[in-house]
4 protein chains.
Amino acid sequence: MKLRIGIFGGSGYGGAELLRILLARADVEIAFVTANEHAGKFVGEVHRNLYGLTALRFVAAPEEFESLPDVDCVFLALPHGQALEIAPCLPSSVKVIDLSGDFRLNDAREFLEHYGREHTAIELQGEFVYGLTETNRGEIKRARLISNPGCFATATLLGLAPLVARGVLSGRVIVDAKTGSSGSGAKASANTHHPQRMNSFYAYKPFTHQHVPEIEQELRSVGEWAGEFVLMTHSLPVARGIFASIYCETKDELTTEAVRALYEEYYRESFFVRIVQGSPDINWVKTTNFCDLGFAVRGRSLVVFSAIDNLVKGAAGQAVQNMNLMFGLDERAGLMLFGSNP
Amino acid sequence: MKLRIGIFGGSGYGGAELLRILLARADVEIAFVTANEHAGKFVGEVHRNLYGLTALRFVAAPEEFESLPDVDCVFLALPHGQALEIAPCLPSSVKVIDLSGDFRLNDAREFLEHYGREHTAIELQGEFVYGLTETNRGEIKRARLISNPGCFATATLLGLAPLVARGVLSGRVIVDAKTGSSGSGAKASANTHHPQRMNSFYAYKPFTHQHVPEIEQELRSVGEWAGEFVLMTHSLPVARGIFASIYCETKDELTTEAVRALYEEYYRESFFVRIVQGSPDINWVKTTNFCDLGFAVRGRSLVVFSAIDNLVKGAAGQAVQNMNLMFGLDERAGLMLFGSNP
Amino acid sequence: MKLRIGIFGGSGYGGAELLRILLARADVEIAFVTANEHAGKFVGEVHRNLYGLTALRFVAAPEEFESLPDVDCVFLALPHGQALEIAPCLPSSVKVIDLSGDFRLNDAREFLEHYGREHTAIELQGEFVYGLTETNRGEIKRARLISNPGCFATATLLGLAPLVARGVLSGRVIVDAKTGSSGSGAKASANTHHPQRMNSFYAYKPFTHQHVPEIEQELRSVGEWAGEFVLMTHSLPVARGIFASIYCETKDELTTEAVRALYEEYYRESFFVRIVQGSPDINWVKTTNFCDLGFAVRGRSLVVFSAIDNLVKGAAGQAVQNMNLMFGLDERAGLMLFGSNP
Amino acid sequence: MKLRIGIFGGSGYGGAELLRILLARADVEIAFVTANEHAGKFVGEVHRNLYGLTALRFVAAPEEFESLPDVDCVFLALPHGQALEIAPCLPSSVKVIDLSGDFRLNDAREFLEHYGREHTAIELQGEFVYGLTETNRGEIKRARLISNPGCFATATLLGLAPLVARGVLSGRVIVDAKTGSSGSGAKASANTHHPQRMNSFYAYKPFTHQHVPEIEQELRSVGEWAGEFVLMTHSLPVARGIFASIYCETKDELTTEAVRALYEEYYRESFFVRIVQGSPDINWVKTTNFCDLGFAVRGRSLVVFSAIDNLVKGAAGQAVQNMNLMFGLDERAGLMLFGSNP
């Protein structure tokens, strides 16, 4: 019997990728996908990559949630703030995976500070499990409600978790992170205007990106580490991909081999983390659910390089990986997305 | 004594390029530049390439044109329709160069059909001279009012004019034209959204682009030719540049050398037309006022390749070239913009 | 039981795409893949998109073909000229799909003219079937030897075949075709040097591209048409994709709807041809096996727009589609490659 | 009277930019430009941006330097190692500006370690002055021999010099630097192959880039600072530009305003350093001689963002700026290169 799925927010890039991944699966049925501005249109008219591959149409989001089609799992791929409204209304028989930032932060004050709005569902917040599959697999399997990590948080946490878990860090950590233009979403805006963006590289939100408290919160859950954390986000002229250069100090001098061994051991069960020689390259993870990690060491200076596709491992792919776990499936189901060369 | 210049519409790409070219000149003074949404801001805040190079500020467009600062020449770099309102109000002592489509078409019905509005200044239309410098130099020198050609029209007409003038064509002409994303203007829109545009190539406005009647009208003024004319416009993922592949039939078989000689003779006085070996490449004309032309011949089939920078030879550069002529200057003044490699 | 496959030439882009497609299939086993310069290396070291997805290693091409592992089908994804040497040596029990130009032309003199070498296996040539699946399905099913079409030929023939088959064309046909940089292969060269290519658009091989005689030959097999055929190839700064603008004259005036109906009828059984509204866009076919076709009509002028991924429908995808037919499988097997947005 | 200039190495990007800048000047005459593989060809055939702008031809490098045309100044824009051979042979009446790394390092052992060859002209090394105009103006004015800084060194040193000179730093400095593809030179190579590079971002030469000892050496000459220095270089899919994110710790907490004031005071005489609001963007410095600097502060964490065009301020522009000073000219002469929007 097929898993019956509902998607709220099917017109953005997160929704586009959920559809790309889920429509290809024989064991999943999409019961509905919403997109208010496109209600009534065929999915393949909006996401023209899917033209000819599905007869599905977008529907408007329901006014009342009792009338929802019967589904096993709902994905919320909506702008920040909307999941706060919808999640509390969903029947408790339905599993929920929220791709927005609404349920990532446990602290209501931090939420207010970074998202600019009151958290109106703070009790429900306590039931949400943070969906970074590789560090939280056990809890995810048992969860009904998942808050899917942010894209920068995913690249950074997968790069740092083994070091924090094994307690090898001292001092501060600096993450110099760069994202492709799809990170700004599917709507055109000044900073994604092609004539300028194609020749641009610049920093934005220095020190204050909303993924900072999310990363700090999750690092605390992974291990003991109390250094200063700096995240600097930059814009890169590719369509897809995040590359994070993570500058650490280790308590003791480590060899590259020792670092590699530490990561390989930590990620032994994690198919989607690949430990590579030299530097990863976003070219090799684009359109895939992989996170590629590489290292360089000099004395007690350690740099970890982390590359993901922001829309797959950084959003929709990870969401499906979590869904697989929540329903007792192989976490790789539907996610064997072979990237291409070139 | 310096030429005193006014610019209406300084925030778009046409205005940006006028400023880049004119601010570098010692013999020109910019008396004012308008940009309603940026009134009061420094030019270098909006066009950050010019930061540190000018203390000029944007002003709002005047309500009444008597209060205009005293200027010798005004450029209108506004969205279609606005020059229709402004041009009739300008003092007759001022020379005017309009970069929009408002005064390009002599026929009011064609204007209505292609621009979707009534032509409200049709008598003034009769005084406007079409500003394709290379084919119309004599009239431009004597003109007070210039309508600057469209970007596709410039690339196409420079490619076709020698053939039509010498009467060597028979049959229909097909122009397959491709433009960079800056052709859509400085405002972000769905078709210039970087994640999609960087991997896109598509056609638009098949058969119906508004430059079609403009090209047909000007070809009639250049020579006798009565074949069918097809213009197909496409979008290209570069920031700058137009490339037109112009498919012709000649009455007789011509050698490549004969074609080359015909063009070299026709453009002997035209510094900004370069006849190249093989194909031109928009890479070599970007940021310059050059039009590069190349040819291929097989029997009576002749293909002309024409490459320009849509914002320079296709807009602001040509406008300044016309200004130079109108004021008795060397047409190259301020336009020796050396492109770069790469 | 799995199909056992051998690949000659696994390091280029054609080989990379064959591996991407075939490694994902449960019903196929890759018995060997050659790459002389990489012999002994893991496939995932060279095609780093495949790292972690296969333990396969490259081998050197065999000196003697008796020692080949036992396989059902061999793909030749080699530079032009090498299949001429290998194909005659392969056991007659093995089916062969050649992705090069070696066996596409029936006429030895045309081969010499366009490929610059003598055809040394001209008797075998007679046994090769041209592998444009959509026009030649019946013969392909019965074939042992397939010559897979060129990328420009695929985009052009899929756009023209219905018109030639139904006899609606008169006069000449002009194809203005543009290709992404992967069309130049996996080896770096001056024309794919990033600093220049990213801002380039230019024409090359005017009138003389080696796909011209291939297209003319196949059009003759599809229907009666004797007009002049012009192919002009251009280079485009995207990684993947071909876009062909095909300018035709029809004997009678046709409406867009009539043209659409003609194509839909012709391609009724062809899943991988999608008839779209307006213009296709290479963005929507990249990494997929689709050919998207659109139309514009004015009087007796008809323009067909054809977009494919040069490496999939224009090479490896089509090769696998042919393999599927040759072995009695659904032609879509392994080719449901969902493109992505963006 | 014109300055007479010779250029060794005119076919690379450094030479291309020297030609672009110097050919536009009325006060400079290029006596010769060498390019062995292009000897006899017109400059405009190789650098097609310059076609029509100069009748200059490339010559072969001379066998004996006595036969050199009489020149005032020579630029060496050659691969590493060649200036070592040529500089000692040039007449002492000629001023020399070397754009390679041959004379940047005072320590012969460090040179051997980072450039992989013996330094064969170490006495001459003592006469070379490091040509970072903004920190070394006085010495440059009096110098006969200039070693022009590396591109990463320029971006980094301009970002760090004020802090080191004013003694405000403590602890280590991490520079996360990203360069466009023209940084790899004008010859095609695997890492600049367009199909891959356009979607790539990766790190290279971690900790070991040859600009590290150059930067450390020059920081010592600017002020007292003894922290650890980390430089991590990355490749970016733009043609031009370097962006460096420089992570510092200050001894005391500083406000953004205080940092800004410090930089404005330090660079008061330096036209080509622009202090910007927020982040700089390589889009706004491309093709110009500007270095744009911006800041972000949190507690004692200070991040400096530095953006240059690697080929202009990072190579040819800076070389000409130094030439201007050496000959008593305004340092801006010929360098008022207005960037463009877009």
# chains A, B, ... in the order shown; residues from 1 in each chain; ligands from 1
call {"tool": "interface_residues", "arguments": {"of": "chain A", "to": "chain B", "cutoff": "10 Å", "atoms": "only C-alpha atoms", "output": "PyMOL selection string"}}
result
chain A and resi 180-199+237-240
call {"tool": "residues_around", "arguments": {"residues": "Glu123 in chain D", "least_positions_apart": "4", "cutoff": "12 Å", "atoms": "only C-alpha atoms", "output": "PyMOL selection string"}}
result
chain D and resi 84+87-88+103+106-108+119+127-128
call {"tool": "closest_residue", "arguments": {"among": "B:Leu158, B:Leu236, B:Leu231, B:Ala60", "to": "Tyr267 in chain B", "atoms": "only C-alpha atoms"}}
result
B:Leu158
call {"tool": "atom_distance", "arguments": {"atom1": "CA of Gly10 in chain B", "atom2": "CA of Val43 in chain B"}}
result
8.5 Å
call {"tool": "residues_around", "arguments": {"residues": "Phe8 in chain B", "least_positions_apart": "2", "cutoff": "9 Å", "atoms": "only C-alpha atoms", "output": "list in words"}}
result
Gly6, Gly10, Gly15, Phe32, Val33, Thr34, Ala35, Ala61, Val74, Phe75, Leu76, Ala77 and Leu78 of chain B
call {"tool": "write_last_selection", "arguments": {"atoms": "all heavy atoms", "output": "PDB file, in the first residue's frame"}}
result
ATOM      1  N   GLY B   6      21.405  66.835 -19.775  1.00  0.00           N
ATOM      2  CA  GLY B   6      20.422  66.333 -18.817  1.00  0.00           C
ATOM      3  C   GLY B   6      20.032  64.916 -19.175  1.00  0.00           C
ATOM      4  O   GLY B   6      19.940  64.572 -20.367  1.00  0.00           O
ATOM      5  N   GLY B  10      17.776  57.844 -15.024  1.00  0.00           N
ATOM      6  CA  GLY B  10      19.170  57.480 -14.776  1.00  0.00           C
ATOM      7  C   GLY B  10      19.341  56.198 -13.989  1.00  0.00           C
ATOM      8  O   GLY B  10      20.468  55.791 -13.723  1.00  0.00           O
ATOM      9  N   GLY B  15      20.453  54.387 -18.647  1.00  0.00           N
ATOM     10  CA  GLY B  15      20.967  55.520 -17.888  1.00  0.00           C
ATOM     11  C   GLY B  15      22.312  55.220 -17.258  1.00  0.00           C
ATOM     12  O   GLY B  15      23.220  56.066 -17.238  1.00  0.00           O
ATOM     13  N   PHE B  32      21.914  67.454 -14.786  1.00  0.00           N
ATOM     14  CA  PHE B  32      20.988  66.741 -13.896  1.00  0.00           C
ATOM     15  C   PHE B  32      20.735  65.351 -14.444  1.00  0.00           C
ATOM     16  O   PHE B  32      20.879  65.090 -15.645  1.00  0.00           O
ATOM     17  CB  PHE B  32      19.655  67.495 -13.738  1.00  0.00           C
ATOM     18  CG  PHE B  32      18.809  67.530 -14.985  1.00  0.00           C
ATOM     19  CD1 PHE B  32      17.884  66.502 -15.253  1.00  0.00           C
ATOM     20  CD2 PHE B  32      18.937  68.562 -15.894  1.00  0.00           C
ATOM     21  CE1 PHE B  32      17.122  66.533 -16.410  1.00  0.00           C
ATOM     22  CE2 PHE B  32      18.172  68.588 -17.060  1.00  0.00           C
ATOM     23  CZ  PHE B  32      17.258  67.574 -17.314  1.00  0.00           C
ATOM     24  N   VAL B  33      20.378  64.470 -13.538  1.00  0.00           N
ATOM     25  CA  VAL B  33      19.957  63.124 -13.920  1.00  0.00           C
ATOM     26  C   VAL B  33      18.780  62.756 -13.022  1.00  0.00           C
ATOM     27  O   VAL B  33      18.873  62.854 -11.795  1.00  0.00           O
ATOM     28  CB  VAL B  33      21.122  62.109 -13.820  1.00  0.00           C
ATOM     29  CG1 VAL B  33      21.812  62.135 -12.473  1.00  0.00           C
ATOM     30  CG2 VAL B  33      20.639  60.701 -14.154  1.00  0.00           C
ATOM     31  N   THR B  34      17.683  62.338 -13.642  1.00  0.00           N
ATOM     32  CA  THR B  34      16.486  62.045 -12.848  1.00  0.00           C
ATOM     33  C   THR B  34      16.365  60.547 -12.547  1.00  0.00           C
ATOM     34  O   THR B  34      16.868  59.709 -13.302  1.00  0.00           O
ATOM     35  CB  THR B  34      15.182  62.461 -13.566  1.00  0.00           C
ATOM     36  OG1 THR B  34      14.886  61.508 -14.590  1.00  0.00           O
ATOM     37  CG2 THR B  34      15.297  63.855 -14.175  1.00  0.00           C
ATOM     38  N   ALA B  35      15.744  60.266 -11.430  1.00  0.00           N
ATOM     39  CA  ALA B  35      15.356  58.897 -11.065  1.00  0.00           C
ATOM     40  C   ALA B  35      14.408  59.049  -9.896  1.00  0.00           C
ATOM     41  O   ALA B  35      14.850  59.229  -8.757  1.00  0.00           O
ATOM     42  CB  ALA B  35      16.565  58.056 -10.677  1.00  0.00           C
ATOM     43  N   ALA B  61      12.084  63.862 -11.508  1.00  0.00           N
ATOM     44  CA  ALA B  61      11.749  64.518 -12.767  1.00  0.00           C
ATOM     45  C   ALA B  61      10.940  65.766 -12.436  1.00  0.00           C
ATOM     46  O   ALA B  61      10.096  65.752 -11.531  1.00  0.00           O
ATOM     47  CB  ALA B  61      10.945  63.575 -13.655  1.00  0.00           C
ATOM     48  N   VAL B  74      19.428  66.742 -24.069  1.00  0.00           N
ATOM     49  CA  VAL B  74      18.736  65.893 -23.106  1.00  0.00           C
ATOM     50  C   VAL B  74      18.656  64.469 -23.656  1.00  0.00           C
ATOM     51  O   VAL B  74      18.334  64.270 -24.832  1.00  0.00           O
ATOM     52  CB  VAL B  74      17.323  66.449 -22.831  1.00  0.00           C
ATOM     53  CG1 VAL B  74      16.375  65.351 -22.400  1.00  0.00           C
ATOM     54  CG2 VAL B  74      17.371  67.545 -21.786  1.00  0.00           C
ATOM     55  N   PHE B  75      18.990  63.501 -22.818  1.00  0.00           N
ATOM     56  CA  PHE B  75      18.760  62.091 -23.154  1.00  0.00           C
ATOM     57  C   PHE B  75      17.516  61.618 -22.423  1.00  0.00           C
ATOM     58  O   PHE B  75      17.382  61.855 -21.218  1.00  0.00           O
ATOM     59  CB  PHE B  75      19.947  61.229 -22.719  1.00  0.00           C
ATOM     60  CG  PHE B  75      21.199  61.471 -23.495  1.00  0.00           C
ATOM     61  CD1 PHE B  75      22.131  62.414 -23.071  1.00  0.00           C
ATOM     62  CD2 PHE B  75      21.470  60.754 -24.651  1.00  0.00           C
ATOM     63  CE1 PHE B  75      23.298  62.646 -23.783  1.00  0.00           C
ATOM     64  CE2 PHE B  75      22.645  60.965 -25.375  1.00  0.00           C
ATOM     65  CZ  PHE B  75      23.559  61.913 -24.941  1.00  0.00           C
ATOM     66  N   LEU B  76      16.656  60.929 -23.131  1.00  0.00           N
ATOM     67  CA  LEU B  76      15.476  60.321 -22.515  1.00  0.00           C
ATOM     68  C   LEU B  76      15.706  58.810 -22.462  1.00  0.00           C
ATOM     69  O   LEU B  76      15.693  58.142 -23.495  1.00  0.00           O
ATOM     70  CB  LEU B  76      14.218  60.650 -23.313  1.00  0.00           C
ATOM     71  CG  LEU B  76      13.949  62.146 -23.530  1.00  0.00           C
ATOM     72  CD1 LEU B  76      12.695  62.352 -24.393  1.00  0.00           C
ATOM     73  CD2 LEU B  76      13.802  62.880 -22.204  1.00  0.00           C
ATOM     74  N   ALA B  77      15.982  58.315 -21.265  1.00  0.00           N
ATOM     75  CA  ALA B  77      16.253  56.879 -21.092  1.00  0.00           C
ATOM     76  C   ALA B  77      15.174  56.298 -20.191  1.00  0.00           C
ATOM     77  O   ALA B  77      15.448  55.773 -19.126  1.00  0.00           O
ATOM     78  CB  ALA B  77      17.651  56.691 -20.508  1.00  0.00           C
ATOM     79  N   LEU B  78      13.956  56.391 -20.673  1.00  0.00           N
ATOM     80  CA  LEU B  78      12.774  56.078 -19.867  1.00  0.00           C
ATOM     81  C   LEU B  78      12.031  54.886 -20.452  1.00  0.00           C
ATOM     82  O   LEU B  78      12.222  54.540 -21.616  1.00  0.00           O
ATOM     83  CB  LEU B  78      11.854  57.303 -19.861  1.00  0.00           C
ATOM     84  CG  LEU B  78      12.444  58.549 -19.178  1.00  0.00           C
ATOM     85  CD1 LEU B  78      11.699  59.800 -19.604  1.00  0.00           C
ATOM     86  CD2 LEU B  78      12.400  58.376 -17.659  1.00  0.00           C
TER      87      LEU B  78
END
call {"tool": "select_by_dssp", "arguments": {"residues": "range 203-298 of chain B", "states": "strand (DSSP E or B)", "output": "ChimeraX atom specification"}}
result
/B:203-204,229-235,242-250,273-275,281,291-298
call {"tool": "residues_around", "arguments": {"residues": "Gln277 in chain B", "least_positions_apart": "4", "cutoff": "10 Å", "atoms": "only C-alpha atoms", "output": "list in words"}}
result
Arg260, Asp292, Leu293, Gly294, Phe295 and Ala296 of chain B; Glu45 of chain D
call {"tool": "select_by_dssp", "arguments": {"residues": "range 69-281 of chain A", "states": "helix (DSSP H, G or I)", "output": "ChimeraX atom specification"}}
result
/A:82-89,108-115,122-125,133-142,151-165,181-184,190-192,194-197,211-222,256-266
call {"tool": "residues_around", "arguments": {"residues": "Ser301 in chain B", "least_positions_apart": "4", "cutoff": "9 Å", "atoms": "only C-alpha atoms", "output": "PyMOL selection string"}}
result
(chain B and resi 247-250+253-254+296-297) or (chain C and resi 230)
call {"tool": "residues_around", "arguments": {"residues": "Leu219 in chain D", "least_positions_apart": "5", "cutoff": "12 Å", "atoms": "only C-alpha atoms", "output": "list of chain:residue names"}}
result
D:Tyr130, D:Leu132, D:Thr135, D:Asn136, D:Ala153, D:Thr154, D:Thr156, D:Leu157, D:Leu158, D:Gly159, D:Leu160, D:Ala161, D:Pro162, D:Leu163, D:Val164, D:Ala165, D:Arg166, D:Gly167, D:Leu169, D:Val173, D:Val212, D:Pro213, D:Glu214, D:Glu224, D:Trp225, D:Ala226, D:Gly227, D:Glu228, D:Phe229
call {"tool": "residues_around", "arguments": {"residues": "Met326 in chain A", "least_positions_apart": "2", "cutoff": "9 Å", "atoms": "only C-alpha atoms", "output": "VMD selection string"}}
result
chain A and resid 95 140 to 144 321 to 324 328 to 329
call {"tool": "atom_distance", "arguments": {"atom1": "CA of Ala121 in chain C", "atom2": "CA of Glu85 in chain C"}}
result
8.0 Å
